[in-house]
Amino acid sequence: MNTWLVRNRVVIGVVAMVLVIAAGVVYVVATVRDQNADATKPGAPVQSGLTFVDNGSGQNLVSKLDATGARTAGSMKCLRVYTAGGTTVCLRMGVPGAYEAAVSDSTGKELRTVPLPGTPSRARVSASGKIVSWTVFVTGDSYLSPGGFSTRTGVLDLRTGALTESLETFATSIEGVPDKRPNENYWGVTVAADDNTFYATLGSGNTTWLVKGDLTAKTMATVRQSAECPSLSPDQTRVAYKKRGGRLGTWQLYVLDLASGKETELPGSDGVDDQAAWLDAKNLAYAKVQTGGAPTIFESAADGTGQPRQLVAGASSPSPVT
Amino acid sequence: MYVASTRRTKTAPPVDGPRAGRVSTTVVLLGTVSLLTDISSEMVTAFLPVYVIFNLQMSYLQLGVLDGIYTGATAVLRLVGGHISDKVSRHKAVAVAGYGLSAVTKLVFPSVGASSAGLGGVLAVDRAGKGLRTAPRDALISLVTPVDQLGKAFGVHRTMDTIGALIGPLATYAVLNWLSTRPGPIFMISFCFAALGVIVLVFFVRQPRLERVPGKVVTLRATLDLLRNRGMRRTTIAAGLLGLATISDVFVFVVLQRVSGVSPTLLALMPVGTALTFLLAATPLGRLADRVGRWPMFFAGHVVLFVVYLLLLGPFSGLALVIVTVTLHGLFYAATDGVLMAHGATLVPEHLRAGGLSIVQTGQALARFASSIGFGLLLQSFAFSTAVLVAIATMATALVGVFLLIRPEVSR
């Protein structure tokens, strides 16, 4: 037996290789075939409508839910998408290993494509559709190492065409002190109705801050600690953000009333890792992965009442249809 | 003293030994195994950021840290893999275990889902497999290669290995773009490449028969006693010292992008540039090392790295700086990665080969790990330019120290 194995090892090896390749092909073909069924499953009714990335169908098609929950798939493919004021920003793969932000108008015409320095993380468009921003993770080569990451946040002003490649060029003051830290990361921008004021996250060392900035003056100042990925409410009075507070140190969503400084916890949101989107004055949408599953978009009331409502499964990057 | 080289002259040439000027079939087969395995692992590495951020909707930050820690911690497993290989005199079997372990992890990824601990665990097992297989594989290469061609053999192996590393991300891109962004197909295809690698190793690579020398038993003691050999001890210390002064690639690229002022998009292409230079230069430099000496080549490689650090100060800027720096960075790898193993192989007798090589590798890996942590901490409180100056000073010190430590009589 053993000598038979030895004598025929080349033949056995070739047969084994053929079997492995056949099994792989069968699996991949089957997956690709059954993923299309997922693209048409309806979601829950959403009054504002919902634009999102369909992760279930394996094509990352930007899809829409209407007020009744009926679903239509578009043709645009994005990793992250956000749409507001007639402007859509789509973060997608460009050449192998590189990513780009494609900005298009309401007719779907591409206005501008900006190359990105890393893997897309967040994307936003201001309510007017004039200011586009994104955050990417800059990860180096395959040999990752401690401290070997950083984030870059870019802002594009469609009125002037001015591109800020990184917020790190802005002057920042941390808790009233002009910042001299050489190594800091910014992420998750949200721009106010004046298209000039913005909120973002500053991370340095083990601390994160909510910062408030001015796009024209190119300045930022910290507002409070431990608040990430802010999202300003349509009436400009509240900021929703994620904060480590849940069980096991997971993130949870909170809404801060800017005038009173009162922070409200959104129950049932623990484990979230997303920049929430305001669907209207009262409701927030965000993606969260259910245990062992695909990302799912939930809706939570901004006043902290009630449990989250599932809008659509196998989906991420929510924004209201405008 | 050249234990291995003096013994080699007495042993018969290996069964599948090379005809004049060609590397042994076993080396090419092991290169194929590495090529397939690297396609597999680089596919996953390229996919991981997308997978974690989009399929799992998690932050990437913690995972990067975890992965780095495991890479350092499992470096110690190289010692285990190396020693066991010698002990049972079956390098191939231990290598199969290591490659097999990594292959299986590709199928486990989907089932752990969005759990940081689970993902960390799977990555740890993958790295453990890598730790386990490296020393026996390098020992196999050295055992089937005549001493005067070690540099070339390791060069050919590293070239093939790096080709795989370049194909992997392209494969991931193709699958994501044209087939599916679902994680299943990527992990399955990655597993298939890894499985093909294991099959090539199991069915096509032959374990060279080592002449059993009475009185030369493999014990842990004997392996550790290798460090009593002056050449071996100094090589390990020197490789460790230089490892301490080696900052990780990520830092080099991030600093280079800032200093040169080129578009951040080029960050994605810099590792490709380094890998391309590495794969093109590994074989010629290995061959050259066989003629001028492996230790001088290894040392020269670090002098090149020193120049890379000097360039990070930005004597000029723009695309030219990026091209020159990335090319030199690739040359550094080509002149050091396989060459160190070729040098190490001349210092260790055959029956302790895998264990001996693993000592040198582990010393270097742990030192590099320590350096990346240290440099990471440094960057939290100092500017990039300060950190680069520290790297330059450290490398200069290490080079001088090593130059004094390794006298010409051991630098063959």
# chains A, B, ... in the order shown; residues from 1 in each chain; ligands from 1
$ select_by_dssp --residues "segment 21-268 of chain A" --states "strand (DSSP E)" --output "VMD selection string"
chain A and resid 50 to 54 61 to 65 71 to 77 80 to 84 87 to 93 99 to 104 110 to 116 119 to 125 131 to 139 149 to 157 163 to 164 171 to 174 177 to 178 185 to 191 197 to 204 207 to 214 219 to 225 228 to 232 238 to 244 251 to 257 263 to 265
$ residues_around --residues "Ser104 of chain A" --least-positions-apart "2" --cutoff "9 Å" --atoms "only C-alpha atoms" --output "JSON, numbers by chain"
{"A": [86, 87, 88, 89, 90, 102, 106, 107, 108, 109, 110, 111, 112, 113]}
$ closest_residue --among "A:Arg238, A:Arg9, A:Lys288, A:Lys282" --to "Gln252 of chain A" --atoms "only C-alpha atoms"
A:Lys288
$ closest_residue --among "A:Thr219, A:Thr190, A:Ser48, A:Thr3" --to "Thr172 of chain A" --atoms "only C-alpha atoms"
A:Thr219
$ atom_distance --atom1 "atom CA of Arg124 of chain A" --atom2 "atom CA of Gln275 of chain A"
9.2 Å
$ residues_around --residues "segment 308-313 of chain B" --least-positions-apart "5" --cutoff "10 Å" --atoms "only C-alpha atoms" --output "VMD selection string"
chain B and resid 246 to 247 252 to 253 255 to 260 302 to 303 321 to 322 324 to 329 332 384 to 386 388 to 393 395
$ closest_residue --among "A:Ser204, A:Ser128, A:Gln225, A:Thr216" --to "chain B" --atoms "only C-alpha atoms"
A:Ser204
$ atom_distance --atom1 "atom CA of Arg368 of chain B" --atom2 "atom CA of Gly243 of chain B"
4.7 Å
$ atom_distance --atom1 "atom CA of Asn2 of chain A" --atom2 "atom CA of Ala103 of chain B"
25.6 Å
$ select_by_dssp --residues "segment 238-352 of chain B" --states "alpha helix (DSSP H)" --output "MDAnalysis selection string"
chainID B and resid 238:244 249:260 270:292 294:311 319:345
$ closest_residue --among "A:Ala285, A:Val223, A:Ala16, A:Val255" --to "chain B" --atoms "only C-alpha atoms"
A:Ala16
$ closest_residue --among "A:Val62, A:Ala200, A:Ala98, A:Leu91" --to "chain B" --atoms "only C-alpha atoms"
A:Ala98
$ closest_residue --among "B:His83, B:Arg182, B:Arg78, B:Arg221" --to "chain A" --atoms "only C-alpha atoms"
B:Arg182
$ residues_around --residues "Val95 of chain A" --least-positions-apart "4" --cutoff "9 Å" --atoms "only C-alpha atoms" --output "compact mmCIF listing (two decimals) with C-alpha atoms, in the first residue's frame"
# COMPACT_ATOMS: atom_id res chain seq x y z
CA TYR A 99 -9.78 53.40 -3.94
CA GLU A 100 -11.46 56.53 -5.19
CA TYR B 173 -9.43 42.56 -6.76
$ residues_around --residues "Pro115 of chain A" --least-positions-apart "3" --cutoff "12 Å" --atoms "only C-alpha atoms" --output "compact mmCIF listing (two decimals) with C-alpha atoms, in the first residue's frame"
# COMPACT_ATOMS: atom_id res chain seq x y z
CA CYS A 90 -19.53 56.89 -3.85
CA LEU A 91 -16.35 55.42 -2.36
CA ARG A 92 -15.25 52.50 -4.50
CA MET A 93 -12.33 50.46 -5.69
CA GLY A 94 -10.26 52.00 -8.48
CA VAL A 95 -7.19 50.15 -9.70
CA GLY A 97 -5.50 47.98 -4.11
CA ALA A 98 -6.53 51.60 -4.58
CA TYR A 99 -9.78 53.40 -3.94
CA GLU A 100 -11.46 56.53 -5.19
CA ALA A 101 -14.30 58.85 -4.29
CA ALA A 102 -16.68 59.49 -7.18
CA VAL A 103 -18.97 62.50 -6.81
CA ARG A 112 -15.32 64.59 -9.98
CA GLY A 118 -6.62 53.90 1.76
CA THR A 119 -9.65 51.74 2.52
CA PRO A 120 -12.86 53.80 2.67
CA TRP A 134 -14.75 61.05 3.51
CA VAL A 136 -10.18 56.29 4.83
CA GLY A 154 -10.63 64.60 2.99
CA LEU A 163 -9.89 69.75 -2.14
CA GLU A 165 -6.64 66.06 1.26
CA SER B 263 -0.35 61.99 -3.89
CA PRO B 264 -1.45 59.72 -1.05
CA THR B 265 -2.78 57.33 -3.70
CA LEU B 266 0.81 56.23 -4.28
CA LEU B 267 0.79 54.70 -0.80
CA ALA B 268 -0.99 51.69 -2.27
$ residues_around --residues "His343 of chain B" --least-positions-apart "3" --cutoff "7 Å" --atoms "only C-alpha atoms" --output "PyMOL selection string"
chain B and resi 294-295+339-340+346
$ write_last_selection --atoms "N, CA and C atoms" --output "compact mmCIF listing (two decimals), in the first residue's frame"
# COMPACT_ATOMS: atom_id res chain seq x y z
N ARG B 294 28.11 35.76 1.86
CA ARG B 294 26.73 36.10 2.23
C ARG B 294 26.69 37.14 3.31
N TRP B 295 27.62 37.07 4.26
CA TRP B 295 27.56 38.04 5.33
C TRP B 295 27.80 39.46 4.81
N VAL B 339 19.42 35.74 1.93
CA VAL B 339 20.87 35.69 2.12
C VAL B 339 21.24 35.33 3.57
N LEU B 340 20.44 35.84 4.52
CA LEU B 340 20.73 35.51 5.93
C LEU B 340 20.60 34.00 6.15
N THR B 346 25.43 27.78 6.49
CA THR B 346 26.84 27.38 6.50
C THR B 346 27.37 27.23 7.91
$ residues_around --residues "Phe198 of chain A" --least-positions-apart "3" --cutoff "8 Å" --atoms "only C-alpha atoms" --output "list in words"
Val189, Thr190, Val191, Ala192, Asp195, Lys212, Gly213, Asp214 and Leu215 of chain A
